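To start, the structure under review is shown below, and the notes come after it.
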Amino acid sequence: MEEGGIKLGEIELEIPPNVSFTTTSAIHDFIKDSPMQKLVNWGRKNSLWFMTHPMGCCGIEQICVGVAHYDTDRFGIIPRASPRQADVMMISGYVTKKYLPALKRVWDQMVEPKWILMMGECAISGGPWWESYSTVINMDEIFPVDIYIPGCPPRPEALLEGFIELQKKIVAQKDRTVIPNPADGEV
Amino acid sequence: MGDEQAAIQVIDKTIMIELSDKFPDVVSDVDVPSPNRAIARIDPSKVHEIMQFLLDKGFDHLSCISGVDYPPDKMEVVYHVTSYSGPLVITLKASVPRDDPNIDSLCDIYWNANWYERETYELYGIKFNDCPYLKVLLLVEEMEGEWPLRKDYAGYPNPT
Amino acid sequence: MTHEATQITSPPKPSEMLLHLGPQHPLQPGPFLLDLKIEGETIREAELKIGYIHKGMEKVFEDRTYIQILPLTDRICYLASNSNNDVYCRGMEELLGIEPTDRAKYLRVLTNELCRIQSHLLGIGEYTTDVGFLTMFIYMVRERESVVSLLEAITGSRLNHNYARFGGVAQDLPPGYKEMALKSLGKLKELIKSHDDMMSSDSIYLKRTKGVGTLTAKEAGELGVAGPPLRAAGVNYDLRRLEPYLVYDELDFNVITQTDGDVFSRVKVRLLEILESIYIIEQCLDQMPSGPYKQDVTPYITRPEPGEVYSRIEDPRGEMGMYIISDGSDKPYRFRIRGPAFATAQALPPLLIGTYVADVAAIAASMDSCTSEVDR
C-alpha cells in the first residue's frame, strides 16, 4: 500500500483516517478454491437481475419475459432499470458506431460479477444489417459473452432457456464473468 | 361521405392548375396519376415561394423530404406535401447540381422540415440554406462528409 | 413554435444544470439521448439526440430485391410490423399493377387491427410504468399476450409477422379461428373497459396526467405530428377515413378524438381505439368473403416498370409512408421510409419546455414513439 493515497484506475484518492485498503485478492483466491465458492455461486445463479435495455425487436420480448405471462421472477430473474443494480446485460439489437461507446460505459457501470447475453441474430452475427455502414460487428471480440440466443427475434421461451443455461454455467464455474481484482486497480 | 370526398378531390385537382398558372416557368411536368396523388417538377430557386403558396392554400402538413441521387450530374430533393383535411399528396421534385447541391430551407414555413433537412443533409450532402441547425442527426459526427446514401459511397457493403 | 425549442443553444448558467436522460433509459423501448437544461425543477431547454440504433435501412433496401425487402419491412417498427408489410405491399401492387383478392383485403385489415391493439397495449403499458402505475403495466402485458396469440395463430410469429404478400397474404385463417378470436376479444373488451375505469378514477394518476404536456390542435398541426397525439388534440385526422384503403370504406368505425390534448387524452385515445379496433375485427370476421387468399401466381421475381409510388397507411402511431422509386430492375432505386414516430419524436422537445423534470417520463412515454423507426 502506498503512503497517503491509493490509485483507482487513473484517479488518485486520499485515504481517510481509520480506513484501510487491501490490494490483494487473497480472500477471493481462498474462497475460489474452497467449497464456499459453491454456496456463492448458488446465490449468484438465483439472483440474476437483468437490465431492461431494449435495443430492437428483441427488446419487446425482453419486456414480455420479465412480467406476467412468462414471469422470470420464478427463477429469481428480475428486470432492473439501472445498470448499477443489474447483473446481466442483454445486447438485444444491432450495436451501431454511435451506440458502442455508451454501451461500453453502461457495461463498466455494472458491478461485478456480471454476465452478457447476446439476444438475437443482430447482436450475434449481424442479422439483416450486417453489411450496413453504421453498424459494428463481431461484438464477441469486444464483450465477454456467455450465452448466445439465436432467433429473429427469439421467443421468450428461448430467452428463458438462455438464462437457465447461464445458471448451469455459473454452477459449473465455466462462465466468463469478470473477477474483481483490487491489484489491477479495478474496483 | 362520398360527396364530401368528391368535393375535396375537385379542389385538389384545381390546386395543380392553380400552381402551374401562378408559377408558369417554374412548375413543369405536372402529372396526376391517381385522384389522391399529384407530381410536379419545380425549379429549386423558387421552392420557398411555392411552399408558401401551398401552405396558404391549405396544404398544412409537410409529410416528408427525401433526397435521391442520380449520378453523375444531378440530385433531387423530393417534397411530399399534404393536408390535414384532404387526401391529396403533392410530390414536388427539385433538381440540384451534384457537385454543389444546395436548396433553400423550408424551416420557416413548415416547422417539422428541420429534422428531414438534417437527415437529407447528412445522408446526401445537400445543403439547405438558412436551415437553423444543419448538423448530423442520425450518424456519428465523424461520418459527416461521407454522405452514405449517395450511389458512389464506398463504405457499403461494410468490408468487415 | 421556434426552432430554438429543439436544441440547447448555450451552456448552462450557474443557476442551471444539464441533465442527460439516456442513451440507456427505461422510458421507452430503444435508446435515445434526451438532454435537458434545468433550472431547479423546471426545464428551460431540451434537445433530443437520436440515431443510436440507426441501421442504414434505406441503403440496405436499395441493395435487396423487392421480395427480399418484404421480411425486412417488419423490422422498421416491430410493434407495427403488419402495417409496414401492408404499406410496402400496397406500394408494390400499385407499381406492379395488381390488386389483392377480396379475402386478402379483409385478412390484412384484420391483422392490421390486431397489430394496432397489441401496439397500443404495449404503448400504454410502457407509459404506465413511467408514471409509476406498475399494476397497469402487468395487466397490459398480460392482455397483450392474448392478442399476440391471436396474431400468432394466423401468421405463425409473435412479433415480426411478415404476413402480407404482393396481391394477397401468406396464409389463410386456421380452422376455428373466428370462435377463438371472438371469445378472446370479448374478454379483452371487458378488461379494457375495466382498466379504463381504473385509470379514469385514480386520483393520483389523474393529478399526474391531466393538464400535463398539453398540445393544442394548432400546435400539433404546426409540429407535423399525426396519429393519437393529434387526435387527442381534437383533430379528426385518420387515413383510414380520409384516404380509405383496403376495405375500410365498407366498415363502420368511429375516429376517436379527445379535446384536451394532454397526457391523459393521448392515453385515453389509445384505450378507446383498442375498443374500436375490436369492433372492426368483429365486422371483418362476419363479413369476410370466401375465396382465394392470394393470387394464383405470386410474382416472386418482380421487375416493376420504371416509376414511383408513395403509399401511406394509418399506423398505430400515425402516418406511415413509403416512397419507392423503381428503375425497371429487380431492386428499388430509392426506398424512403417516412415513419410516424420520427415526426412524433421531433415534436417532443418543444412539449417539454416549461414542464417539471418529474413529468418528462409521462410526456415522453405518452407520445409513444418507436426508436427503431425513428432511427431506421
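FYI, nothing fancy with the C-alpha cells labels: chains A, B, ... in order, residues from 1 per chain, ligands from 1 as they appear.
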Task: chain B residues near chain A (10 Å cut-off, only C-alpha atoms) as a ChimeraX atom specification - done: /B:138-143,148-149,153-160
Put those residues in a file: N, CA and C atoms, as a PDB file, in the first residue's frame.
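Result went into selection-v6.pdb, see below:
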ATOM      1  N   LEU B 138     -28.530  11.487 -37.413  1.00  0.00           N
ATOM      2  CA  LEU B 138     -28.553  10.053 -37.139  1.00  0.00           C
ATOM      3  C   LEU B 138     -27.153   9.454 -37.038  1.00  0.00           C
ATOM      4  N   LEU B 139     -26.219   9.982 -37.814  1.00  0.00           N
ATOM      5  CA  LEU B 139     -24.900   9.354 -37.862  1.00  0.00           C
ATOM      6  C   LEU B 139     -24.015   9.852 -36.724  1.00  0.00           C
ATOM      7  N   VAL B 140     -22.870   9.170 -36.555  1.00  0.00           N
ATOM      8  CA  VAL B 140     -21.865   9.712 -35.647  1.00  0.00           C
ATOM      9  C   VAL B 140     -21.250  10.942 -36.307  1.00  0.00           C
ATOM     10  N   GLU B 141     -20.760  11.862 -35.478  1.00  0.00           N
ATOM     11  CA  GLU B 141     -20.301  13.117 -36.054  1.00  0.00           C
ATOM     12  C   GLU B 141     -19.107  12.928 -36.986  1.00  0.00           C
ATOM     13  N   GLU B 142     -18.302  11.881 -36.732  1.00  0.00           N
ATOM     14  CA  GLU B 142     -17.136  11.661 -37.590  1.00  0.00           C
ATOM     15  C   GLU B 142     -17.551  11.301 -39.016  1.00  0.00           C
ATOM     16  N   MET B 143     -18.757  10.805 -39.175  1.00  0.00           N
ATOM     17  CA  MET B 143     -19.176  10.375 -40.504  1.00  0.00           C
ATOM     18  C   MET B 143     -19.713  11.517 -41.355  1.00  0.00           C
ATOM     19  N   PRO B 148     -23.432   8.761 -46.897  1.00  0.00           N
ATOM     20  CA  PRO B 148     -23.538   7.317 -47.165  1.00  0.00           C
ATOM     21  C   PRO B 148     -24.622   6.900 -48.151  1.00  0.00           C
ATOM     22  N   LEU B 149     -25.656   7.692 -48.358  1.00  0.00           N
ATOM     23  CA  LEU B 149     -26.695   7.217 -49.268  1.00  0.00           C
ATOM     24  C   LEU B 149     -26.455   7.603 -50.723  1.00  0.00           C
ATOM     25  N   TYR B 153     -21.023   5.739 -52.824  1.00  0.00           N
ATOM     26  CA  TYR B 153     -20.441   5.618 -51.494  1.00  0.00           C
ATOM     27  C   TYR B 153     -19.647   4.312 -51.383  1.00  0.00           C
ATOM     28  N   ALA B 154     -18.408   4.425 -50.890  1.00  0.00           N
ATOM     29  CA  ALA B 154     -17.522   3.257 -50.903  1.00  0.00           C
ATOM     30  C   ALA B 154     -17.664   2.391 -49.657  1.00  0.00           C
ATOM     31  N   GLY B 155     -18.290   2.898 -48.612  1.00  0.00           N
ATOM     32  CA  GLY B 155     -18.341   2.162 -47.351  1.00  0.00           C
ATOM     33  C   GLY B 155     -19.425   1.105 -47.273  1.00  0.00           C
ATOM     34  N   TYR B 156     -20.157   0.905 -48.381  1.00  0.00           N
ATOM     35  CA  TYR B 156     -21.188  -0.130 -48.379  1.00  0.00           C
ATOM     36  C   TYR B 156     -20.944  -1.052 -49.541  1.00  0.00           C
ATOM     37  N   PRO B 157     -20.959  -2.346 -49.404  1.00  0.00           N
ATOM     38  CA  PRO B 157     -21.140  -3.069 -48.144  1.00  0.00           C
ATOM     39  C   PRO B 157     -19.917  -2.953 -47.244  1.00  0.00           C
ATOM     40  N   ASN B 158     -20.190  -2.989 -45.980  1.00  0.00           N
ATOM     41  CA  ASN B 158     -19.161  -2.844 -44.962  1.00  0.00           C
ATOM     42  C   ASN B 158     -18.115  -3.946 -45.127  1.00  0.00           C
ATOM     43  N   PRO B 159     -16.848  -3.602 -45.396  1.00  0.00           N
ATOM     44  CA  PRO B 159     -15.858  -4.638 -45.715  1.00  0.00           C
ATOM     45  C   PRO B 159     -15.580  -5.608 -44.580  1.00  0.00           C
ATOM     46  N   THR B 160     -15.859  -5.246 -43.313  1.00  0.00           N
ATOM     47  CA  THR B 160     -15.605  -6.182 -42.221  1.00  0.00           C
ATOM     48  C   THR B 160     -16.558  -7.341 -42.330  1.00  0.00           C
TER      49      THR B 160
END
Task: Polymer residues at most 10 Å from Leu55 in chain B, only C-alpha atoms, same-chain spacing of 3 or more positions, as a ChimeraX atom specification - done: /B:49-52,58-62,81-83,109-110
Selected residues written out, C-alpha atoms, as a PDB file, in the first residue's frame:
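Output file out-v9.pdb is given in full below:
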ATOM      1  CA  GLU B  49     -42.387  30.739 -52.753  1.00  0.00           C
ATOM      2  CA  ILE B  50     -44.132  27.588 -53.956  1.00  0.00           C
ATOM      3  CA  MET B  51     -44.341  26.096 -50.489  1.00  0.00           C
ATOM      4  CA  GLN B  52     -45.657  29.352 -49.052  1.00  0.00           C
ATOM      5  CA  GLY B  58     -54.403  24.727 -47.050  1.00  0.00           C
ATOM      6  CA  PHE B  59     -51.577  22.235 -47.561  1.00  0.00           C
ATOM      7  CA  ASP B  60     -50.516  22.477 -43.964  1.00  0.00           C
ATOM      8  CA  HIS B  61     -48.675  19.193 -43.472  1.00  0.00           C
ATOM      9  CA  LEU B  62     -45.200  18.527 -44.799  1.00  0.00           C
ATOM     10  CA  VAL B  81     -46.843  17.904 -49.074  1.00  0.00           C
ATOM     11  CA  THR B  82     -50.312  17.065 -47.910  1.00  0.00           C
ATOM     12  CA  SER B  83     -53.132  18.458 -45.864  1.00  0.00           C
ATOM     13  CA  ILE B 109     -42.678  27.658 -43.398  1.00  0.00           C
ATOM     14  CA  TYR B 110     -43.036  24.146 -42.036  1.00  0.00           C
TER      15      TYR B 110
END
Task: Residues of chain A within 8 Å of chain C, only C-alpha atoms counted, as a PyMOL selection string - done: chain A and resi 52-57+59-60+64+67-69+81-82+94-96+98-99+102+106+128-129+131-135+153+155
Those selected residues, please, written with N, CA and C atoms and delivered as a CSV table (one decimal), in the first residue's frame.
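That gives us selection-v7.csv:
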chain,number,residue,atom,x,y,z
A,52,THR,N,-33.2,-3.9,-18.1
A,52,THR,CA,-34.1,-3.7,-19.2
A,52,THR,C,-33.4,-2.7,-20.1
A,53,HIS,N,-33.0,-3.2,-21.3
A,53,HIS,CA,-32.2,-2.3,-22.1
A,53,HIS,C,-32.6,-2.7,-23.6
A,54,PRO,N,-33.8,-2.4,-23.9
A,54,PRO,CA,-34.3,-2.8,-25.3
A,54,PRO,C,-33.6,-2.0,-26.4
A,55,MET,N,-33.1,-2.7,-27.4
A,55,MET,CA,-32.4,-2.0,-28.5
A,55,MET,C,-33.0,-2.4,-29.8
A,56,GLY,N,-34.1,-3.1,-29.8
A,56,GLY,CA,-34.7,-3.5,-31.1
A,56,GLY,C,-35.8,-4.4,-30.9
A,57,CYS,N,-36.1,-5.2,-31.9
A,57,CYS,CA,-37.3,-6.1,-31.8
A,57,CYS,C,-37.2,-7.0,-30.5
A,59,GLY,N,-36.0,-6.4,-27.8
A,59,GLY,CA,-36.3,-5.7,-26.6
A,59,GLY,C,-37.7,-5.9,-26.2
A,60,ILE,N,-38.6,-6.0,-27.2
A,60,ILE,CA,-40.0,-6.2,-26.8
A,60,ILE,C,-40.2,-7.6,-26.1
A,64,CYS,N,-41.5,-8.5,-22.4
A,64,CYS,CA,-42.6,-9.5,-22.1
A,64,CYS,C,-42.1,-10.6,-21.2
A,67,VAL,N,-42.4,-9.9,-17.2
A,67,VAL,CA,-43.6,-9.7,-16.4
A,67,VAL,C,-44.6,-10.8,-16.8
A,68,ALA,N,-45.7,-10.8,-15.9
A,68,ALA,CA,-46.9,-11.6,-16.1
A,68,ALA,C,-46.7,-13.0,-16.7
A,69,HIS,N,-46.9,-13.0,-18.0
A,69,HIS,CA,-47.1,-14.3,-18.7
A,69,HIS,C,-45.9,-15.3,-18.5
A,81,ALA,N,-34.0,-1.3,-14.0
A,81,ALA,CA,-33.8,-0.3,-15.0
A,81,ALA,C,-32.4,0.3,-15.0
A,82,SER,N,-31.7,0.2,-13.8
A,82,SER,CA,-30.4,0.8,-13.7
A,82,SER,C,-29.3,-0.2,-13.9
A,94,TYR,N,-28.8,-4.4,-32.9
A,94,TYR,CA,-27.6,-4.1,-33.5
A,94,TYR,C,-26.9,-3.0,-32.8
A,95,VAL,N,-25.6,-3.1,-32.6
A,95,VAL,CA,-24.8,-2.1,-32.0
A,95,VAL,C,-24.3,-1.2,-33.1
A,96,THR,N,-24.5,0.1,-33.0
A,96,THR,CA,-24.1,1.0,-34.0
A,96,THR,C,-22.8,1.7,-33.5
A,98,LYS,N,-22.4,4.7,-33.2
A,98,LYS,CA,-22.8,5.8,-32.3
A,98,LYS,C,-23.1,5.2,-30.9
A,99,TYR,N,-23.6,4.0,-30.8
A,99,TYR,CA,-24.0,3.5,-29.5
A,99,TYR,C,-22.9,2.8,-28.8
A,102,ALA,N,-21.4,4.3,-25.6
A,102,ALA,CA,-22.4,4.3,-24.5
A,102,ALA,C,-22.6,2.9,-23.9
A,106,VAL,N,-22.1,1.7,-20.1
A,106,VAL,CA,-23.1,1.0,-19.3
A,106,VAL,C,-22.5,-0.3,-18.7
A,128,PRO,N,-29.9,-9.1,-40.4
A,128,PRO,CA,-30.2,-8.5,-41.8
A,128,PRO,C,-29.3,-7.3,-42.1
A,129,TRP,N,-28.7,-6.7,-41.1
A,129,TRP,CA,-28.0,-5.4,-41.4
A,129,TRP,C,-26.5,-5.6,-41.3
A,131,GLU,N,-24.1,-5.7,-43.3
A,131,GLU,CA,-23.1,-5.0,-44.2
A,131,GLU,C,-23.4,-3.5,-44.2
A,132,SER,N,-24.2,-3.0,-43.2
A,132,SER,CA,-24.6,-1.6,-43.3
A,132,SER,C,-23.4,-0.7,-42.8
A,133,TYR,N,-23.5,0.5,-43.2
A,133,TYR,CA,-22.4,1.4,-42.9
A,133,TYR,C,-22.3,1.9,-41.5
A,134,SER,N,-23.3,1.8,-40.7
A,134,SER,CA,-23.3,2.4,-39.4
A,134,SER,C,-23.2,1.4,-38.3
A,135,THR,N,-22.9,0.2,-38.6
A,135,THR,CA,-23.0,-0.8,-37.5
A,135,THR,C,-21.6,-1.5,-37.3
A,153,PRO,N,-37.0,-12.3,-33.8
A,153,PRO,CA,-36.4,-12.4,-32.5
A,153,PRO,C,-36.6,-13.7,-31.9
A,155,ARG,N,-37.9,-16.4,-29.3
A,155,ARG,CA,-39.2,-16.5,-28.5
A,155,ARG,C,-38.8,-16.3,-27.0
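Distances here use only C-alpha atoms; by that measure, the residue among A:Pro83, A:Ala172, A:Leu166, A:Met119 closest to Arg105 in chain A is A:Pro83.
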Please determine the contact residues of chain B with respect to chain C at a cut-off of 10 Å, counting only C-alpha atoms, and supply them as a CSV table (one decimal) with N, CA and C atoms, in the first residue's frame.
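Result went into out39.csv, see below:
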chain,number,residue,atom,x,y,z
B,1,MET,N,-70.5,11.1,-47.1
B,1,MET,CA,-69.1,10.8,-47.2
B,1,MET,C,-68.5,10.8,-48.6
B,2,GLY,N,-69.3,10.2,-49.5
B,2,GLY,CA,-68.8,10.1,-50.9
B,2,GLY,C,-68.8,11.5,-51.5
B,5,GLN,N,-66.0,13.7,-50.3
B,5,GLN,CA,-64.7,13.3,-50.9
B,5,GLN,C,-64.6,13.8,-52.3
B,33,PRO,N,-51.4,11.0,-61.3
B,33,PRO,CA,-51.5,9.6,-61.7
B,33,PRO,C,-52.8,9.0,-61.0
B,36,ASN,N,-55.6,10.7,-55.6
B,36,ASN,CA,-55.0,11.2,-54.3
B,36,ASN,C,-53.5,11.6,-54.5
B,37,ARG,N,-53.0,11.5,-55.7
B,37,ARG,CA,-51.6,11.8,-55.8
B,37,ARG,C,-51.4,12.8,-57.0
B,60,ASP,N,-51.2,22.1,-45.2
B,60,ASP,CA,-50.5,22.5,-44.0
B,60,ASP,C,-49.7,21.4,-43.4
B,61,HIS,N,-49.4,20.3,-44.1
B,61,HIS,CA,-48.7,19.2,-43.5
B,61,HIS,C,-47.6,18.8,-44.4
B,62,LEU,N,-46.3,19.0,-44.0
B,62,LEU,CA,-45.2,18.5,-44.8
B,62,LEU,C,-45.0,17.1,-44.4
B,63,SER,N,-45.2,16.2,-45.3
B,63,SER,CA,-45.1,14.8,-44.9
B,63,SER,C,-43.6,14.3,-44.8
B,64,CYS,N,-42.9,14.7,-45.8
B,64,CYS,CA,-41.5,14.1,-45.9
B,64,CYS,C,-40.6,14.9,-46.8
B,65,ILE,N,-39.4,14.9,-46.5
B,65,ILE,CA,-38.4,15.4,-47.5
B,65,ILE,C,-37.4,14.3,-47.8
B,66,SER,N,-37.1,14.0,-49.0
B,66,SER,CA,-36.2,12.9,-49.3
B,66,SER,C,-35.2,13.4,-50.3
B,67,GLY,N,-34.0,12.8,-50.3
B,67,GLY,CA,-33.0,13.0,-51.4
B,67,GLY,C,-33.0,11.8,-52.3
B,68,VAL,N,-32.7,12.1,-53.5
B,68,VAL,CA,-32.4,11.0,-54.5
B,68,VAL,C,-31.2,11.3,-55.3
B,69,ASP,N,-30.3,10.4,-55.5
B,69,ASP,CA,-29.1,10.6,-56.1
B,69,ASP,C,-29.1,10.1,-57.5
B,70,TYR,N,-28.9,10.9,-58.5
B,70,TYR,CA,-28.8,10.4,-59.9
B,70,TYR,C,-27.4,10.8,-60.4
B,78,VAL,N,-37.0,15.7,-52.9
B,78,VAL,CA,-38.4,15.4,-53.1
B,78,VAL,C,-39.2,15.8,-51.9
B,80,HIS,N,-42.9,15.8,-50.1
B,80,HIS,CA,-44.3,15.3,-50.1
B,80,HIS,C,-45.1,16.3,-49.2
B,83,SER,N,-52.3,17.6,-46.7
B,83,SER,CA,-53.1,18.5,-45.9
B,83,SER,C,-53.8,17.6,-44.8
B,84,TYR,N,-54.1,18.3,-43.7
B,84,TYR,CA,-54.8,17.6,-42.6
B,84,TYR,C,-56.3,17.4,-42.9
B,85,SER,N,-56.8,18.0,-44.0
B,85,SER,CA,-58.2,17.9,-44.3
B,85,SER,C,-58.5,17.3,-45.6
B,86,GLY,N,-57.5,16.8,-46.4
B,86,GLY,CA,-57.8,16.2,-47.6
B,86,GLY,C,-56.8,15.1,-47.9
B,87,PRO,N,-57.1,14.2,-48.9
B,87,PRO,CA,-56.2,13.0,-49.1
B,87,PRO,C,-55.2,13.3,-50.1
B,88,LEU,N,-55.1,14.4,-50.8
B,88,LEU,CA,-54.2,14.6,-51.9
B,88,LEU,C,-52.7,14.8,-51.3
B,89,VAL,N,-51.8,14.0,-51.9
B,89,VAL,CA,-50.4,14.2,-51.6
B,89,VAL,C,-49.7,14.7,-52.8
B,90,ILE,N,-49.1,15.9,-52.7
B,90,ILE,CA,-48.4,16.5,-53.8
B,90,ILE,C,-46.9,16.2,-53.7
B,91,THR,N,-46.3,15.6,-54.7
B,91,THR,CA,-44.9,15.3,-54.7
B,91,THR,C,-44.2,16.3,-55.6
B,107,CYS,N,-37.6,25.6,-43.2
B,107,CYS,CA,-37.9,25.6,-41.7
B,107,CYS,C,-38.8,26.7,-41.3
B,108,ASP,N,-38.8,27.9,-42.0
B,108,ASP,CA,-39.6,29.0,-41.5
B,108,ASP,C,-41.1,28.8,-42.0
B,109,ILE,N,-41.3,27.9,-42.9
B,109,ILE,CA,-42.7,27.7,-43.4
B,109,ILE,C,-43.3,26.5,-42.7
B,110,TYR,N,-42.6,25.3,-42.8
B,110,TYR,CA,-43.0,24.1,-42.0
B,110,TYR,C,-42.1,23.9,-40.9
B,111,TRP,N,-42.5,23.9,-39.7
B,111,TRP,CA,-41.7,23.7,-38.5
B,111,TRP,C,-40.9,22.4,-38.6
B,112,ASN,N,-41.6,21.3,-39.0
B,112,ASN,CA,-41.1,20.0,-38.9
B,112,ASN,C,-40.1,19.7,-40.1
B,113,ALA,N,-39.8,20.7,-41.0
B,113,ALA,CA,-38.9,20.4,-42.0
B,113,ALA,C,-37.4,20.2,-41.5
B,114,ASN,N,-37.2,20.7,-40.3
B,114,ASN,CA,-35.9,20.7,-39.7
B,114,ASN,C,-35.2,19.4,-39.7
B,115,TRP,N,-35.8,18.4,-39.1
B,115,TRP,CA,-35.2,17.1,-39.0
B,115,TRP,C,-35.0,16.4,-40.3
B,116,TYR,N,-36.0,16.6,-41.2
B,116,TYR,CA,-35.9,16.0,-42.5
B,116,TYR,C,-34.8,16.6,-43.3
B,123,LEU,N,-27.1,12.4,-45.1
B,123,LEU,CA,-27.1,11.2,-45.9
B,123,LEU,C,-26.7,11.5,-47.4
B,131,CYS,N,-31.0,26.9,-43.0
B,131,CYS,CA,-31.5,25.9,-42.0
B,131,CYS,C,-30.9,26.3,-40.7
B,132,PRO,N,-31.7,26.4,-39.6
B,132,PRO,CA,-31.2,26.9,-38.4
B,132,PRO,C,-30.2,26.0,-37.6
B,133,TYR,N,-30.2,24.7,-38.0
B,133,TYR,CA,-29.4,23.8,-37.2
B,133,TYR,C,-29.0,22.6,-38.0
B,136,VAL,N,-25.3,16.8,-38.2
B,136,VAL,CA,-25.7,15.4,-38.3
B,136,VAL,C,-26.8,15.1,-37.3
B,137,LEU,N,-27.7,14.2,-37.7
B,137,LEU,CA,-28.8,13.8,-36.8
B,137,LEU,C,-28.7,12.3,-36.4
B,138,LEU,N,-28.5,11.5,-37.4
B,138,LEU,CA,-28.6,10.1,-37.1
B,138,LEU,C,-27.2,9.5,-37.0
B,139,LEU,N,-26.2,10.0,-37.8
B,139,LEU,CA,-24.9,9.4,-37.9
B,139,LEU,C,-24.0,9.9,-36.7
B,140,VAL,N,-22.9,9.2,-36.6
B,140,VAL,CA,-21.9,9.7,-35.6
B,140,VAL,C,-21.3,10.9,-36.3
B,148,PRO,N,-23.4,8.8,-46.9
B,148,PRO,CA,-23.5,7.3,-47.2
B,148,PRO,C,-24.6,6.9,-48.2
B,149,LEU,N,-25.7,7.7,-48.4
B,149,LEU,CA,-26.7,7.2,-49.3
B,149,LEU,C,-26.5,7.6,-50.7
B,150,ARG,N,-25.3,8.3,-51.0
B,150,ARG,CA,-25.0,8.5,-52.4
B,150,ARG,C,-24.7,7.2,-53.1
B,151,LYS,N,-24.9,7.1,-54.4
B,151,LYS,CA,-24.8,5.9,-55.1
B,151,LYS,C,-23.3,5.4,-55.2
B,156,TYR,N,-20.2,0.9,-48.4
B,156,TYR,CA,-21.2,-0.1,-48.4
B,156,TYR,C,-20.9,-1.1,-49.5
B,157,PRO,N,-21.0,-2.3,-49.4
B,157,PRO,CA,-21.1,-3.1,-48.1
B,157,PRO,C,-19.9,-3.0,-47.2
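Within 7 Å of Glu121 in chain A, once only C-alpha atoms are used and residues closer than 2 positions along the same chain are dropped, the contacting residues are A:Ala123, A:Ile124, A:Ser125, A:Gly126, A:Gly127, A:Pro150, A:Gly151, A:Cys152.
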Open item on the list: Give me, as a list in words, the residues of range 67-118 of chain B that a backbone DSSP run labels helix (DSSP H, G or I).
Closed with: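 Matching residues for helix (DSSP H, G or I) in range 67-118 of chain B are Ala113, Asn114, Trp115, Tyr116, Glu117 and Arg118 of chain B.
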Residues at most 12 Å from Val77 in chain B, counting only C-alpha atoms, excluding those fewer than 2 positions away in the same chain, as a CSV table (one decimal) with C-alpha atoms, in the first residue's frame?
chain,number,residue,atom,x,y,z
B,41,ARG,CA,-41.2,19.2,-61.1
B,42,ILE,CA,-40.1,22.6,-59.7
B,43,ASP,CA,-37.2,25.0,-60.0
B,44,PRO,CA,-35.1,24.7,-56.9
B,47,VAL,CA,-39.1,26.3,-53.7
B,64,CYS,CA,-41.5,14.1,-45.9
B,65,ILE,CA,-38.4,15.4,-47.5
B,66,SER,CA,-36.2,12.9,-49.3
B,67,GLY,CA,-33.0,13.0,-51.4
B,68,VAL,CA,-32.4,11.0,-54.5
B,69,ASP,CA,-29.1,10.6,-56.1
B,70,TYR,CA,-28.8,10.4,-59.9
B,74,LYS,CA,-27.8,15.6,-60.6
B,75,MET,CA,-29.6,15.1,-57.3
B,79,TYR,CA,-41.1,17.0,-51.1
B,80,HIS,CA,-44.3,15.3,-50.1
B,91,THR,CA,-44.9,15.3,-54.7
B,92,LEU,CA,-42.6,18.1,-55.7
B,93,LYS,CA,-39.2,17.4,-57.2
B,94,ALA,CA,-36.4,19.9,-57.4
B,95,SER,CA,-33.2,19.0,-59.2
B,96,VAL,CA,-30.0,20.3,-57.8
B,97,PRO,CA,-26.4,20.0,-59.3
B,98,ARG,CA,-24.5,17.2,-57.9
B,101,PRO,CA,-26.1,20.7,-54.1
B,102,ASN,CA,-27.9,23.4,-52.2
B,103,ILE,CA,-31.5,24.5,-51.9
B,104,ASP,CA,-33.5,26.9,-49.7
B,105,SER,CA,-34.6,25.7,-46.3
B,116,TYR,CA,-35.9,16.0,-42.5
B,117,GLU,CA,-33.5,18.5,-43.8
B,119,GLU,CA,-31.3,13.9,-42.4
B,120,THR,CA,-31.1,14.6,-46.1
B,121,TYR,CA,-28.0,16.7,-45.4
B,124,TYR,CA,-26.7,13.1,-49.3
B,125,GLY,CA,-24.7,16.2,-48.5
B,126,ILE,CA,-27.4,18.5,-49.8
B,127,LYS,CA,-27.1,21.9,-48.1
B,128,PHE,CA,-30.2,23.6,-47.0
Task: Contacts of range 89-93 of chain C within 9 Å, only C-alpha atoms, excl. fewer than 5 positions in-chain, as a VMD selection string - done: chain C and resid 66 70 84 98 to 100 164 to 168 304 308 to 312 322 to 324
TODO: Please indicate the distance in Å from CA of Glu282 in chain C to CA of His161 in chain C, rounded to one decimal place.
DONE: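 Interatomic distance, CA of Glu282 in chain C to CA of His161 in chain C: 20.9 Å.
Between CA of Arg240 in chain C and CA of Ala153 in chain C lies a distance of 25.4 Å.
Considering the residues C:Leu36, C:Leu271, C:Met136, C:Val109 and counting only C-alpha atoms, Glu314 in chain C has its shortest atom-to-atom contact with C:Val109.
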Open item on the list: I'd like to know which residues of chain B are strand (DSSP E) (by DSSP, run on the backbone); could you write them as a ChimeraX atom specification?
Closed with: /B:28-34,37-42,61-70,74-82,89-97,102-104,127-129
Task: Counting only C-alpha atoms, the option among A:Ile142, A:Gly76, A:Ala158, A:Ser92 closest to Trp42 in chain A - done: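 Selected residue with least distance to Trp42 in chain A: A:Gly76.
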Task: 7 Å contact set for range 257-264 of chain C, only C-alpha atoms, chain neighbours under 6 positions out, as a PyMOL selection string - done: chain C and resi 209-216+231-236+363+366
